[in-house]
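Next comes entry.cif, with mmCIF, C-alpha atoms.
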data_start
loop_
_atom_site.label_atom_id
_atom_site.label_comp_id
_atom_site.auth_asym_id
_atom_site.auth_seq_id
_atom_site.Cartn_x
_atom_site.Cartn_y
_atom_site.Cartn_z
CA ALA A 1 0.00 0.00 0.00
CA GLN A 2 1.10 3.54 -0.63
CA SER A 3 2.22 5.83 2.16
CA VAL A 4 3.43 9.38 2.67
CA THR A 5 5.83 10.71 5.27
CA GLN A 6 6.16 14.34 6.23
CA PRO A 7 9.02 14.29 8.71
CA ASP A 8 8.56 17.83 9.98
CA ILE A 9 5.56 18.35 12.24
CA HIS A 10 6.15 22.07 12.72
CA ILE A 11 8.42 24.56 10.95
CA THR A 12 9.01 28.20 11.81
CA VAL A 13 10.52 30.61 9.31
CA SER A 14 10.97 34.36 9.13
CA GLU A 15 8.92 36.37 6.69
CA GLY A 16 10.91 36.78 3.48
CA ALA A 17 13.00 33.67 4.08
CA SER A 18 12.99 30.65 1.81
CA LEU A 19 10.99 27.55 2.63
CA GLU A 20 11.28 23.84 1.94
CA LEU A 21 8.78 21.30 3.24
CA ARG A 22 9.76 17.68 2.94
CA CYS A 23 7.65 14.82 1.63
CA ASN A 24 8.66 11.22 1.03
CA TYR A 25 6.35 8.65 -0.48
CA SER A 26 6.20 4.92 -0.90
CA TYR A 27 4.50 3.52 -3.98
CA GLY A 28 5.41 0.77 -6.40
CA ALA A 29 4.55 2.56 -9.64
CA THR A 30 4.78 6.10 -10.93
CA PRO A 31 2.83 8.12 -8.41
CA TYR A 32 0.47 10.99 -8.70
CA LEU A 33 1.66 13.52 -6.12
CA PHE A 34 -0.08 16.52 -4.65
CA TRP A 35 0.47 19.32 -2.17
CA TYR A 36 -2.48 20.87 -0.37
CA VAL A 37 -2.69 23.79 2.04
CA GLN A 38 -5.18 24.21 4.85
CA SER A 39 -5.77 27.55 6.54
CA PRO A 40 -7.21 27.45 10.08
CA GLY A 41 -10.81 26.27 10.12
CA GLN A 42 -10.89 25.71 6.39
CA GLY A 43 -10.88 22.84 3.96
CA LEU A 44 -7.88 21.91 1.84
CA GLN A 45 -6.82 23.84 -1.24
CA LEU A 46 -4.75 22.28 -4.00
CA LEU A 47 -1.35 23.98 -4.40
CA LEU A 48 0.14 21.83 -7.15
CA LYS A 49 0.26 18.34 -8.61
CA TYR A 50 2.60 16.05 -10.50
CA PHE A 51 1.70 13.10 -12.67
CA SER A 52 4.13 13.12 -15.58
CA GLY A 53 6.58 15.21 -17.56
CA ASP A 54 8.73 17.93 -16.11
CA THR A 55 9.78 16.98 -12.59
CA LEU A 56 9.68 20.60 -11.41
CA VAL A 57 6.09 21.73 -11.12
CA GLN A 58 4.77 25.18 -10.47
CA GLY A 59 1.72 25.87 -8.37
CA ILE A 60 -0.34 28.68 -7.03
CA LYS A 61 0.83 31.34 -4.56
CA GLY A 62 4.43 31.10 -5.80
CA PHE A 63 5.02 27.52 -4.66
CA GLU A 64 6.91 24.87 -6.59
CA ALA A 65 7.78 21.23 -5.97
CA GLU A 66 10.33 18.85 -7.42
CA PHE A 67 9.74 15.16 -7.99
CA LYS A 68 12.85 13.07 -7.39
CA ARG A 69 12.22 9.44 -8.18
CA SER A 70 15.61 8.28 -6.89
CA GLN A 71 14.85 9.76 -3.47
CA SER A 72 11.09 9.06 -3.48
CA SER A 73 10.60 12.69 -2.60
CA PHE A 74 8.34 15.54 -3.59
CA ASN A 75 9.50 18.55 -1.59
CA LEU A 76 7.61 21.83 -1.63
CA ARG A 77 9.55 25.09 -1.93
CA LYS A 78 8.97 28.81 -1.93
CA PRO A 79 11.77 31.37 -2.36
CA SER A 80 10.28 34.01 -0.06
CA VAL A 81 7.43 33.36 2.37
CA HIS A 82 4.71 35.82 3.29
CA TRP A 83 2.83 36.00 6.59
CA SER A 84 -0.26 34.72 4.76
CA ASP A 85 1.53 31.43 4.07
CA ALA A 86 1.10 30.39 7.70
CA ALA A 87 -1.04 27.25 7.46
CA GLU A 88 -0.83 23.48 7.51
CA TYR A 89 0.54 21.73 4.45
CA PHE A 90 -0.29 18.22 3.36
CA CYS A 91 1.47 16.03 0.84
CA ALA A 92 -0.57 13.27 -0.80
CA VAL A 93 0.02 10.36 -3.17
CA GLY A 94 -2.63 9.01 -5.51
CA ALA A 95 -2.83 5.29 -6.12
CA GLY A 96 -5.36 2.85 -7.46
CA ASP A 97 -7.31 2.45 -10.65
CA PHE A 98 -6.04 4.76 -13.35
CA GLY A 99 -7.74 8.12 -13.04
CA ASN A 100 -9.72 7.10 -9.99
CA GLU A 101 -6.98 7.09 -7.49
CA LYS A 102 -7.60 7.42 -3.81
CA LEU A 103 -5.37 9.94 -2.16
CA THR A 104 -3.29 8.96 0.84
CA PHE A 105 -2.20 11.94 2.89
CA GLY A 106 0.74 12.62 5.11
CA THR A 107 0.27 13.84 8.65
CA GLY A 108 0.92 17.44 7.71
CA THR A 109 3.47 20.15 8.47
CA ARG A 110 2.37 23.26 10.34
CA LEU A 111 4.11 26.39 9.13
CA THR A 112 4.53 29.40 11.40
CA ILE A 113 5.82 32.69 10.03
CA ILE A 114 7.58 35.14 12.33
CA PRO A 115 7.94 38.84 11.45
CA ASP B 116 -14.92 26.73 -9.84
CA VAL B 117 -16.28 23.54 -8.33
CA LYS B 118 -17.94 24.05 -5.03
CA VAL B 119 -18.23 21.37 -2.40
CA THR B 120 -20.65 22.32 0.35
CA GLN B 121 -20.89 20.63 3.71
CA SER B 122 -24.17 21.44 5.38
CA SER B 123 -22.83 22.14 8.87
CA ARG B 124 -19.60 23.74 10.07
CA TYR B 125 -20.10 22.68 13.67
CA LEU B 126 -22.19 19.91 15.20
CA VAL B 127 -22.61 18.72 18.76
CA LYS B 128 -24.29 15.37 19.24
CA ARG B 129 -24.88 13.01 22.12
CA THR B 130 -23.42 9.54 22.44
CA GLY B 131 -25.65 6.97 20.76
CA GLU B 132 -27.35 9.42 18.39
CA LYS B 133 -27.56 8.70 14.68
CA VAL B 134 -25.73 11.50 12.88
CA PHE B 135 -25.95 12.56 9.26
CA LEU B 136 -23.25 14.65 7.61
CA GLU B 137 -24.24 15.99 4.22
CA CYS B 138 -22.05 16.95 1.30
CA VAL B 139 -23.12 18.42 -2.03
CA GLN B 140 -21.00 19.24 -5.08
CA ASP B 141 -22.21 21.35 -7.96
CA MET B 142 -20.05 20.35 -10.91
CA ASP B 143 -21.16 16.85 -11.85
CA HIS B 144 -18.12 15.14 -10.36
CA GLU B 145 -18.22 11.37 -10.46
CA ASN B 146 -16.06 10.65 -7.43
CA MET B 147 -16.79 11.66 -3.86
CA PHE B 148 -14.92 10.96 -0.65
CA TRP B 149 -15.23 11.29 3.10
CA TYR B 150 -12.16 11.80 5.25
CA ARG B 151 -11.70 12.48 8.92
CA GLN B 152 -8.89 14.68 10.14
CA ASP B 153 -7.29 14.37 13.55
CA PRO B 154 -4.22 16.14 14.93
CA GLY B 155 -1.06 14.19 14.28
CA LEU B 156 -2.88 11.65 12.10
CA GLY B 157 -3.54 13.71 9.00
CA LEU B 158 -6.49 12.77 6.82
CA ARG B 159 -7.80 9.22 6.82
CA LEU B 160 -10.23 7.90 4.24
CA ILE B 161 -13.54 6.61 5.59
CA TYR B 162 -15.59 5.83 2.46
CA PHE B 163 -15.65 6.79 -1.17
CA SER B 164 -17.96 6.51 -4.13
CA TYR B 165 -17.26 6.43 -7.87
CA ASP B 166 -20.87 6.58 -8.98
CA VAL B 167 -24.45 6.84 -7.79
CA LYS B 168 -25.38 4.00 -5.44
CA MET B 169 -21.78 2.81 -5.41
CA LYS B 170 -19.68 2.87 -2.27
CA GLU B 171 -16.39 1.42 -1.18
CA LYS B 172 -14.73 1.22 2.20
CA GLY B 173 -11.70 3.29 2.87
CA ASP B 174 -9.13 2.75 5.58
CA ILE B 175 -11.33 3.38 8.65
CA PRO B 176 -14.97 2.51 7.81
CA GLU B 177 -15.91 1.02 11.18
CA GLY B 178 -18.82 2.83 12.81
CA TYR B 179 -19.73 4.67 9.61
CA SER B 180 -21.91 4.14 6.57
CA VAL B 181 -22.62 6.26 3.49
CA SER B 182 -25.36 6.96 1.02
CA ARG B 183 -25.21 8.26 -2.52
CA GLU B 184 -28.66 8.35 -4.09
CA LYS B 185 -27.87 11.29 -6.37
CA LYS B 186 -24.66 12.15 -8.14
CA GLU B 187 -24.23 15.47 -6.40
CA ARG B 188 -24.86 14.31 -2.84
CA PHE B 189 -22.80 12.04 -0.61
CA SER B 190 -23.91 11.51 2.97
CA LEU B 191 -21.88 10.14 5.84
CA ILE B 192 -23.82 8.39 8.59
CA LEU B 193 -22.67 7.66 12.10
CA GLU B 194 -25.01 4.86 13.11
CA SER B 195 -24.47 5.34 16.85
CA ALA B 196 -22.16 8.22 17.62
CA SER B 197 -19.35 7.66 20.10
CA THR B 198 -16.91 10.06 21.68
CA ASN B 199 -14.02 8.65 19.64
CA GLN B 200 -15.78 9.93 16.54
CA THR B 201 -15.24 13.51 17.64
CA SER B 202 -13.26 14.90 14.74
CA MET B 203 -13.15 17.16 11.71
CA TYR B 204 -14.88 15.54 8.74
CA LEU B 205 -13.93 16.58 5.23
CA CYS B 206 -15.82 15.81 2.05
CA ALA B 207 -14.13 15.93 -1.35
CA SER B 208 -15.00 15.32 -4.96
CA SER B 209 -13.03 14.72 -8.14
CA LEU B 210 -13.55 14.23 -11.85
CA PRO B 211 -10.84 12.22 -13.58
CA ARG B 212 -10.37 13.34 -17.17
CA GLN B 213 -8.82 11.05 -19.77
CA GLY B 214 -7.79 8.67 -17.04
CA ILE B 215 -5.89 11.28 -15.05
CA ASN B 216 -6.61 12.29 -11.50
CA TYR B 217 -6.36 16.06 -11.29
CA GLY B 218 -6.85 16.12 -7.55
CA TYR B 219 -9.69 16.63 -5.17
CA THR B 220 -11.82 19.64 -4.36
CA PHE B 221 -12.58 19.81 -0.65
CA GLY B 222 -15.42 21.23 1.36
CA SER B 223 -14.76 23.46 4.37
CA GLY B 224 -15.29 20.63 6.82
CA THR B 225 -17.67 19.76 9.63
CA ARG B 226 -16.31 19.76 13.14
CA LEU B 227 -18.27 17.15 15.04
CA THR B 228 -18.20 16.89 18.81
CA VAL B 229 -19.81 13.88 20.46
CA VAL B 230 -20.57 14.34 24.14
#
Spell out the structure here as structure tokens.
Amino acid sequence: AQSVTQPDIHITVSEGASLELRCNYSYGATPYLFWYVQSPGQGLQLLLKYFSGDTLVQGIKGFEAEFKRSQSSFNLRKPSVHWSDAAEYFCAVGAGDFGNEKLTFGTGTRLTIIP
Amino acid sequence: DVKVTQSSRYLVKRTGEKVFLECVQDMDHENMFWYRQDPGLGLRLIYFSYDVKMKEKGDIPEGYSVSREKKERFSLILESASTNQTSMYLCASSLPRQGINYGYTFGSGTRLTVV
């Protein structure tokens, strides 16, 4: 079965600093990979996704992620964070019947931004 | 944009009550999902449905059932609520196109407290 590990429970960065959130997955085939963001009291919003092609994918709000098959990783990055980026971030892997994959989520990383 | 609406943001129910959580999506999505979210555990899949009247168990179906009589509506039922079902419940929908999963659209969640 597929699984996702987000090793960092909580990360604190200064506003304007760069950010990298780690995600490692386990899946036997080529995965579909996603990053979602959840603001307090809200549902999850899709930031970006990877399913084929260029291993560096661009998303909304200035985020990007790089798929590295050799490391089974899909880390999320942003060159300069803003206070509004404070939220919880979830990595997910899609697996199952082609096009109808169920998503398995990691346990999340909470991001705090300090002025 | 697709909208996924969960009928209640907050619910308080008593132990042993039968509880219905409703979810409606407005863009003709085929797939619908129910997750529960708990601190430190991330999102865990309860049930999902790929079509009307179809349902499949997710990773933690015990104590829950679902109903999908119409394409746009997917209901989660707690047959006899217990305190360990206190959680945030998230509904999601998706529409795979050409065999590709483009990710889920989530509702804002229902925070259920069982007392």
Take the PyMOL selection byres ((chain A and resi 7) around 8), apply it to the structure above, and return the hits as a PDB file with C-alpha atoms, keeping the file's coordinate frame.
ATOM      1  CA  THR A   5       5.830  10.710   5.270  1.00  0.00           C
ATOM      2  CA  GLN A   6       6.160  14.340   6.230  1.00  0.00           C
ATOM      3  CA  ASP A   8       8.560  17.830   9.980  1.00  0.00           C
ATOM      4  CA  ILE A   9       5.560  18.350  12.240  1.00  0.00           C
ATOM      5  CA  ARG A  22       9.760  17.680   2.940  1.00  0.00           C
ATOM      6  CA  CYS A  23       7.650  14.820   1.630  1.00  0.00           C
TER       7      CYS A  23
END
Please report as a PDB file with C-alpha atoms, in the coordinates of the input which residues of chain A come no farther than 8 Å from chain B, using only C-alpha atoms.
ATOM      1  CA  TYR A  32       0.470  10.990  -8.700  1.00  0.00           C
ATOM      2  CA  PHE A  34      -0.080  16.520  -4.650  1.00  0.00           C
ATOM      3  CA  GLY A  41     -10.810  26.270  10.120  1.00  0.00           C
ATOM      4  CA  GLN A  42     -10.890  25.710   6.390  1.00  0.00           C
ATOM      5  CA  GLY A  43     -10.880  22.840   3.960  1.00  0.00           C
ATOM      6  CA  LEU A  44      -7.880  21.910   1.840  1.00  0.00           C
ATOM      7  CA  GLN A  45      -6.820  23.840  -1.240  1.00  0.00           C
ATOM      8  CA  LEU A  46      -4.750  22.280  -4.000  1.00  0.00           C
ATOM      9  CA  LYS A  49       0.260  18.340  -8.610  1.00  0.00           C
ATOM     10  CA  PHE A  90      -0.290  18.220   3.360  1.00  0.00           C
ATOM     11  CA  GLY A  94      -2.630   9.010  -5.510  1.00  0.00           C
ATOM     12  CA  PHE A  98      -6.040   4.760 -13.350  1.00  0.00           C
ATOM     13  CA  GLY A  99      -7.740   8.120 -13.040  1.00  0.00           C
ATOM     14  CA  ASN A 100      -9.720   7.100  -9.990  1.00  0.00           C
ATOM     15  CA  GLU A 101      -6.980   7.090  -7.490  1.00  0.00           C
ATOM     16  CA  THR A 104      -3.290   8.960   0.840  1.00  0.00           C
ATOM     17  CA  PHE A 105      -2.200  11.940   2.890  1.00  0.00           C
ATOM     18  CA  GLY A 106       0.740  12.620   5.110  1.00  0.00           C
ATOM     19  CA  THR A 107       0.270  13.840   8.650  1.00  0.00           C
ATOM     20  CA  GLY A 108       0.920  17.440   7.710  1.00  0.00           C
TER      21      GLY A 108
END
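Nearest-residue note for Asp166 in chain B: choosing from B:Val181, B:Met147, B:Val139, B:Val127, the minimum distance belongs to B:Met147, counting all atoms listed in the file.
The environment of Leu191 in chain B within 10 Å, counting only C-alpha atoms and disregarding residues fewer than 6 places along the same chain, consists of Val134, Phe135, Leu136, Glu137, Cys138, Phe148, Trp149, Tyr150, Ile161, Tyr162, Phe163, Tyr179, Ser180, Val181, Ser182, Arg183, Tyr204 and Cys206 of chain B.
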Using only C-alpha atoms, the shortest atom-to-atom distance to Ala1 in chain A among A:Leu48, A:Cys91, A:Leu103, A:Ile114 belongs to A:Leu103
